[in-house]
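So this block is structure.csv, CSV, C-alpha atoms:
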chain,number,residue,atom,x,y,z
A,1,MET,CA,-22.4,-18.4,160.1
A,2,PRO,CA,-23.8,-21.7,158.7
A,3,VAL,CA,-27.1,-23.2,159.9
A,4,TYR,CA,-26.1,-26.8,159.1
A,5,VAL,CA,-22.8,-28.7,158.8
A,6,ARG,CA,-23.1,-32.0,156.9
A,7,TYR,CA,-20.5,-34.7,156.1
A,8,ILE,CA,-19.4,-37.0,153.4
A,9,ASP,CA,-17.4,-40.2,154.2
A,10,LEU,CA,-15.2,-41.6,151.4
A,11,SER,CA,-12.5,-44.1,151.6
A,12,GLY,CA,-11.8,-43.5,155.3
A,13,TYR,CA,-11.8,-39.7,155.0
A,14,THR,CA,-14.5,-37.4,156.3
A,15,TYR,CA,-15.3,-34.2,154.5
A,16,SER,CA,-17.5,-31.4,155.9
A,17,TYR,CA,-19.7,-28.9,154.1
A,18,SER,CA,-21.6,-26.0,155.4
A,19,LEU,CA,-24.9,-24.5,154.4
A,20,PRO,CA,-25.2,-20.7,154.8
A,21,GLU,CA,-28.1,-19.0,156.5
A,22,ARG,CA,-29.0,-17.2,153.3
A,23,PRO,CA,-27.7,-19.4,150.4
A,24,ASN,CA,-27.0,-17.7,147.1
A,25,GLY,CA,-27.4,-21.0,145.2
A,26,TYR,CA,-23.6,-21.6,144.5
A,27,ALA,CA,-21.0,-23.9,146.0
A,28,VAL,CA,-17.3,-23.6,146.5
A,29,PHE,CA,-14.9,-26.6,146.9
A,30,VAL,CA,-12.0,-25.4,149.1
A,31,MET,CA,-8.8,-27.4,149.2
A,32,ALA,CA,-5.8,-26.8,151.3
A,33,ASP,CA,-2.8,-29.1,152.1
A,34,ASP,CA,-3.1,-30.7,155.5
A,35,ASP,CA,0.4,-29.6,156.5
A,36,SER,CA,0.2,-26.1,155.0
A,37,PRO,CA,0.9,-23.1,157.2
A,38,TYR,CA,-2.1,-21.5,155.4
A,39,LYS,CA,-4.5,-24.2,156.6
A,40,GLU,CA,-6.0,-22.3,159.5
A,41,LYS,CA,-6.3,-19.1,157.3
A,42,ALA,CA,-8.1,-21.3,154.7
A,43,ARG,CA,-10.7,-22.2,157.4
A,44,VAL,CA,-11.3,-18.5,158.1
A,45,LEU,CA,-11.6,-17.8,154.3
A,46,ALA,CA,-14.1,-20.7,154.0
A,47,ASN,CA,-16.2,-19.2,156.9
A,48,SER,CA,-16.2,-15.8,155.2
A,49,LEU,CA,-17.4,-17.3,151.9
A,50,ILE,CA,-20.2,-19.1,153.9
A,51,GLU,CA,-21.3,-15.7,155.4
A,52,LYS,CA,-21.5,-14.4,151.8
A,53,GLY,CA,-24.0,-17.1,150.9
A,54,TYR,CA,-21.8,-19.8,149.4
A,55,MET,CA,-22.2,-23.5,150.3
A,56,VAL,CA,-18.6,-24.5,151.1
A,57,LEU,CA,-17.2,-28.0,150.8
A,58,THR,CA,-13.8,-28.3,152.5
A,59,ALA,CA,-11.0,-30.8,152.1
A,60,PHE,CA,-8.0,-30.4,154.4
A,61,HIS,CA,-6.6,-34.0,154.7
A,62,LEU,CA,-4.8,-33.8,151.3
A,63,LYS,CA,-1.2,-34.6,152.4
A,64,ALA,CA,1.8,-35.5,150.2
A,65,HIS,CA,-0.5,-36.2,147.2
A,66,TRP,CA,1.4,-33.9,144.7
A,67,GLY,CA,-1.5,-34.0,142.2
A,68,SER,CA,-1.4,-37.7,141.6
A,69,PRO,CA,-4.1,-39.4,139.5
A,70,LYS,CA,-5.4,-41.1,142.6
A,71,ALA,CA,-5.8,-37.8,144.4
A,72,VAL,CA,-7.5,-36.2,141.4
A,73,ALA,CA,-10.0,-39.1,141.1
A,74,HIS,CA,-10.7,-39.0,144.9
A,75,ALA,CA,-11.4,-35.2,144.8
A,76,ARG,CA,-13.7,-35.7,141.7
A,77,GLN,CA,-15.6,-38.4,143.6
A,78,VAL,CA,-16.1,-36.2,146.6
A,79,ILE,CA,-17.5,-33.4,144.5
A,80,SER,CA,-19.8,-35.8,142.7
A,81,LEU,CA,-21.2,-37.1,146.0
A,82,PHE,CA,-21.7,-33.6,147.2
A,83,LEU,CA,-23.6,-32.5,144.1
A,84,LYS,CA,-25.8,-35.6,144.4
A,85,GLN,CA,-26.7,-34.9,148.0
A,86,GLU,CA,-27.4,-31.1,147.8
A,87,THR,CA,-29.7,-28.9,145.7
A,88,VAL,CA,-27.2,-26.4,144.4
A,89,ASN,CA,-26.0,-25.1,141.0
A,90,LYS,CA,-24.0,-27.9,139.5
A,91,ARG,CA,-21.4,-25.5,138.1
A,92,ILE,CA,-19.2,-25.1,141.1
A,93,PHE,CA,-16.4,-22.8,142.1
A,94,ILE,CA,-13.0,-24.1,143.2
A,95,CYS,CA,-10.5,-22.6,145.6
A,96,ALA,CA,-7.2,-24.3,146.1
A,97,GLU,CA,-4.0,-23.4,148.0
A,98,GLY,CA,-0.5,-24.6,147.5
A,99,ALA,CA,0.0,-28.1,146.1
A,100,SER,CA,-3.8,-28.6,146.0
A,101,ALA,CA,-3.7,-26.5,142.8
A,102,LEU,CA,-2.1,-29.6,141.2
A,103,ILE,CA,-5.4,-31.3,141.8
A,104,ALA,CA,-7.5,-28.3,140.9
A,105,LYS,CA,-6.0,-27.8,137.4
A,106,HIS,CA,-7.1,-31.3,136.5
A,107,LEU,CA,-10.6,-30.8,137.9
A,108,LEU,CA,-10.8,-27.7,135.6
A,109,ALA,CA,-10.1,-29.9,132.6
A,110,ASP,CA,-12.4,-32.7,133.7
A,111,ALA,CA,-15.3,-33.1,131.2
A,112,THR,CA,-17.4,-34.8,133.8
A,113,LEU,CA,-17.4,-31.7,136.1
A,114,GLU,CA,-18.7,-28.2,135.4
A,115,VAL,CA,-16.4,-25.7,137.1
A,116,ARG,CA,-17.6,-22.1,137.0
A,117,ALA,CA,-14.4,-20.4,138.0
A,118,ALA,CA,-11.3,-21.1,140.1
A,119,ALA,CA,-9.2,-19.2,142.6
A,120,LEU,CA,-5.7,-20.5,143.3
A,121,ILE,CA,-3.7,-19.2,146.3
A,122,LYS,CA,0.1,-19.3,146.1
A,123,PRO,CA,-0.4,-22.3,143.8
A,124,VAL,CA,2.1,-25.1,143.0
A,125,LEU,CA,1.4,-25.8,139.3
A,126,SER,CA,4.3,-28.2,138.5
A,127,LEU,CA,6.4,-30.8,140.3
A,128,GLU,CA,9.6,-29.3,138.9
A,129,ALA,CA,8.7,-25.9,140.3
A,130,ALA,CA,7.8,-27.5,143.7
A,131,LEU,CA,11.3,-29.1,143.9
A,132,GLN,CA,13.0,-25.9,142.9
A,133,ALA,CA,11.2,-24.1,145.7
A,134,ILE,CA,12.5,-26.4,148.4
A,135,ASN,CA,15.7,-27.6,146.9
A,136,LYS,CA,17.8,-25.4,149.1
A,137,ASP,CA,16.9,-27.8,151.9
A,138,GLU,CA,18.5,-31.1,151.0
A,139,LEU,CA,16.5,-33.1,153.4
A,140,ALA,CA,13.2,-31.5,152.3
A,141,GLY,CA,14.2,-32.2,148.7
A,142,LYS,CA,14.8,-35.9,149.4
A,143,ARG,CA,11.5,-36.1,151.3
A,144,PHE,CA,9.7,-34.5,148.4
A,145,LEU,CA,11.1,-37.0,145.9
A,146,LYS,CA,10.1,-39.8,148.2
A,147,GLU,CA,6.6,-38.5,148.5
A,148,VAL,CA,6.2,-38.1,144.7
A,149,LYS,CA,7.4,-41.7,144.2
A,150,ALA,CA,4.8,-42.9,146.7
A,151,ALA,CA,2.0,-40.7,145.3
A,152,TYR,CA,2.6,-41.7,141.7
A,153,GLU,CA,3.6,-45.3,142.5
A,154,ILE,CA,7.0,-44.9,140.8
A,155,ASN,CA,9.7,-47.6,141.0
A,156,GLY,CA,13.3,-46.6,140.8
A,157,GLN,CA,15.0,-43.3,141.1
A,158,ILE,CA,13.6,-39.9,140.0
A,159,ASP,CA,15.3,-36.6,139.4
A,160,VAL,CA,14.5,-33.1,137.9
A,161,ALA,CA,14.4,-34.5,134.4
A,162,TYR,CA,11.9,-37.2,135.5
A,163,LEU,CA,9.8,-34.6,137.2
A,164,ARG,CA,9.9,-32.4,134.0
A,165,ALA,CA,8.7,-35.3,131.9
A,166,LEU,CA,6.0,-36.1,134.4
A,167,ASP,CA,4.8,-32.5,134.3
A,168,GLN,CA,4.6,-32.8,130.5
A,169,GLN,CA,2.4,-35.9,130.8
A,170,GLN,CA,0.2,-34.0,133.3
A,171,ARG,CA,0.0,-30.8,131.3
A,172,LEU,CA,-3.5,-29.8,130.4
A,173,ILE,CA,-4.1,-29.8,126.7
A,174,ASP,CA,-7.7,-29.3,125.7
A,175,ARG,CA,-8.2,-27.2,122.6
A,176,ASN,CA,-11.8,-28.4,122.0
A,177,ARG,CA,-13.4,-26.3,124.7
A,178,PRO,CA,-12.4,-23.3,126.9
A,179,LEU,CA,-11.7,-24.0,130.5
A,180,ALA,CA,-13.1,-22.1,133.4
A,181,ALA,CA,-11.5,-18.7,134.2
A,182,THR,CA,-8.8,-18.9,136.9
A,183,ARG,CA,-7.5,-16.2,139.2
A,184,ILE,CA,-4.1,-16.7,140.8
A,185,TYR,CA,-3.5,-15.0,144.1
A,186,GLN,CA,0.2,-14.5,144.7
A,187,LEU,CA,2.4,-12.4,146.9
A,188,PHE,CA,4.4,-9.5,145.3
A,189,SER,CA,7.6,-10.9,146.9
A,190,GLU,CA,7.0,-14.4,145.3
A,191,ALA,CA,5.6,-13.3,141.9
A,192,THR,CA,6.5,-16.1,139.6
A,193,ALA,CA,4.2,-17.1,136.7
A,194,GLN,CA,4.0,-20.8,135.5
A,195,PRO,CA,1.8,-20.4,132.4
A,196,THR,CA,3.1,-23.5,130.6
A,197,ASN,CA,1.5,-25.7,133.3
A,198,LEU,CA,-2.0,-24.6,132.5
A,199,SER,CA,-4.1,-25.3,129.4
A,200,SER,CA,-3.7,-23.3,126.2
A,201,ALA,CA,-7.5,-23.1,126.3
A,202,GLN,CA,-7.6,-21.5,129.7
A,203,TYR,CA,-7.9,-17.8,130.7
A,204,ALA,CA,-5.9,-17.0,133.9
A,205,ASP,CA,-5.0,-13.7,135.5
A,206,TYR,CA,-2.8,-12.8,138.5
A,207,TYR,CA,-3.9,-10.8,141.5
A,208,PHE,CA,-0.9,-9.7,143.5
A,209,LEU,CA,-1.1,-9.1,147.3
A,210,ALA,CA,1.3,-7.5,149.7
A,211,SER,CA,0.2,-10.0,152.4
A,212,LEU,CA,-1.9,-13.1,152.9
A,213,GLN,CA,-2.2,-12.5,156.6
A,214,ASN,CA,-5.8,-11.2,156.3
A,215,PRO,CA,-8.0,-14.1,155.0
A,216,ALA,CA,-11.1,-11.9,155.4
A,217,GLU,CA,-9.7,-9.4,152.9
A,218,LEU,CA,-8.7,-12.2,150.6
A,219,SER,CA,-12.2,-13.7,150.9
A,220,LYS,CA,-13.7,-10.3,150.0
A,221,GLN,CA,-11.6,-10.1,146.8
A,222,MET,CA,-12.4,-13.7,146.0
A,223,ALA,CA,-16.1,-13.3,146.5
A,224,SER,CA,-16.0,-10.3,144.2
A,225,PHE,CA,-14.3,-12.5,141.6
A,226,PHE,CA,-16.8,-15.3,142.0
A,227,ALA,CA,-19.7,-13.0,141.9
A,228,SER,CA,-18.8,-11.9,138.3
A,229,PHE,CA,-19.6,-15.4,137.2
A,230,HIS,CA,-23.1,-15.7,138.8

As structure tokens, the full file:
Amino acid sequence: MPVYVRYIDLSGYTYSYSLPERPNGYAVFVMADDDSPYKEKARVLANSLIEKGYMVLTAFHLKAHWGSPKAVAHARQVISLFLKQETVNKRIFICAEGASALIAKHLLADATLEVRAAALIKPVLSLEAALQAINKDELAGKRFLKEVKAAYEINGQIDVAYLRALDQQQRLIDRNRPLAATRIYQLFSEATAQPTNLSSAQYADYYFLASLQNPAELSKQMASFFASFH
């Protein structure tokens, strides 16, 4: 378990990061949606990574952000403050769950950051896909559209066509440099690829799991993936 837990305060939010007893010199930025059912498992996963020597910076407040430019800028600033405060390899790892992947994919393409590799757990990679996933619930669909409008500061009505156009604007296109390798952890029962929402300069593979109920096992697989980039 960690020897120290330290904090970063930014714009009214507090982030914690943990220093392992035997640091391996690398850091992982773990993001999970605040209202995600996977949130508590993400905490267990973070603790498992700490035990393996990673310094882990966690962000669990991210709610209804849907990958907005403001949310991406906020996450970038948190990472920058963390790297200024700690002596750690500046090329960090990223782990993101659910809609937090909408932020992570922009951090991967950010020229001001150096991301070593990324692990995405059941990621949401486009707004259109997010709406399709919840559209069977009319109330949830309306709430989602309202949240997107607020997050992106949109006036007027939005629909699927608007979301598709917004996804195109947000699509990562960077042919000048390769982006960090990304592994996507997905359930066999929910195996859907969204390759058009990642950069053409990005390598990504899928790791299918029968269950995500065992975060310690997921952490073991993820640590093995990260270790190949040490």

Which of A:Ala216, A:Tyr7, A:Ala133, A:Val115 sits closest to A:Glu51 [using all atoms listed in the file]: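 Result for the nearest residue to A:Glu51: A:Ala216.
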
Point-to-point distance from atom CA of A:His106 to atom CA of A:Met222, Å rounded to tenths: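 That distance, rounded to one decimal, is 20.7 Å.
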
Shortest interatomic distance to A:Leu107 - which of A:Ala75, A:Val28, A:Val160, A:Cys95, counting all atoms listed in the file: A:Ala75

Separation of atom CA of A:Asn135 from atom CA of A:Arg183 in Å: 27.0 Å

Nearest to A:Ser228, chosen from A:Lys41, A:Ala117, A:Ala59, A:Leu179, with only C-alpha atoms counted in the distances: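 Once distances to A:Ser228 are computed over only C-alpha atoms, the minimum belongs to A:Ala117.
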
Cut-off 12 Å around (6.9, -38.5, 136.0) with only C-alpha atoms: residues as JSON, numbers by chain: {"A": [66, 67, 68, 69, 126, 127, 128, 145, 148, 149, 150, 151, 152, 153, 154, 155, 156, 157, 158, 159, 160, 161, 162, 163, 164, 165, 166, 167, 168, 169, 170, 171]}

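You will find atom CA of A:Arg6 at 10.9 Å from atom CA of A:Thr58.
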
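Here the question is which of A:Asp9, A:Glu147, A:Asp110, A:Asp205 gets nearest to A:Phe225 using all atoms listed in the file, and that residue is A:Asp205.
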
Using only C-alpha atoms: which of A:Leu49, A:Ala73, A:Val56, A:Leu120 has the shortest distance to A:Ser11: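 Of A:Leu49, A:Ala73, A:Val56, A:Leu120, the one nearest A:Ser11 is A:Ala73, counting only C-alpha atoms.
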
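Each of A:Leu45, A:Ala99, A:Ala210, A:Leu108 was checked against A:Lys63 using all atoms listed in the file; the smallest atom-to-atom distance is that of A:Ala99.
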
Could you list, as a PDB file with C-alpha atoms, in the frame of the given file, every residue within 10 Å of A:Ile8, counting only C-alpha atoms and ignoring same-chain residues fewer than 6 positions away?
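Output file around12.pdb follows:
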ATOM      1  CA  THR A  14     -14.500 -37.400 156.300  1.00  0.00           C
ATOM      2  CA  TYR A  15     -15.300 -34.200 154.500  1.00  0.00           C
ATOM      3  CA  SER A  16     -17.500 -31.400 155.900  1.00  0.00           C
ATOM      4  CA  TYR A  17     -19.700 -28.900 154.100  1.00  0.00           C
ATOM      5  CA  LEU A  57     -17.200 -28.000 150.800  1.00  0.00           C
ATOM      6  CA  VAL A  78     -16.100 -36.200 146.600  1.00  0.00           C
ATOM      7  CA  ILE A  79     -17.500 -33.400 144.500  1.00  0.00           C
ATOM      8  CA  LEU A  81     -21.200 -37.100 146.000  1.00  0.00           C
ATOM      9  CA  PHE A  82     -21.700 -33.600 147.200  1.00  0.00           C
ATOM     10  CA  GLN A  85     -26.700 -34.900 148.000  1.00  0.00           C
TER      11      GLN A  85
END

Shell of 12 Å around A:Gln221, only C-alpha atoms, local chain residues under 5 positions omitted, as an MDAnalysis selection string: chainID A and resid 45 48:49 52 119 183:185 207:209 212 214:216 226:228
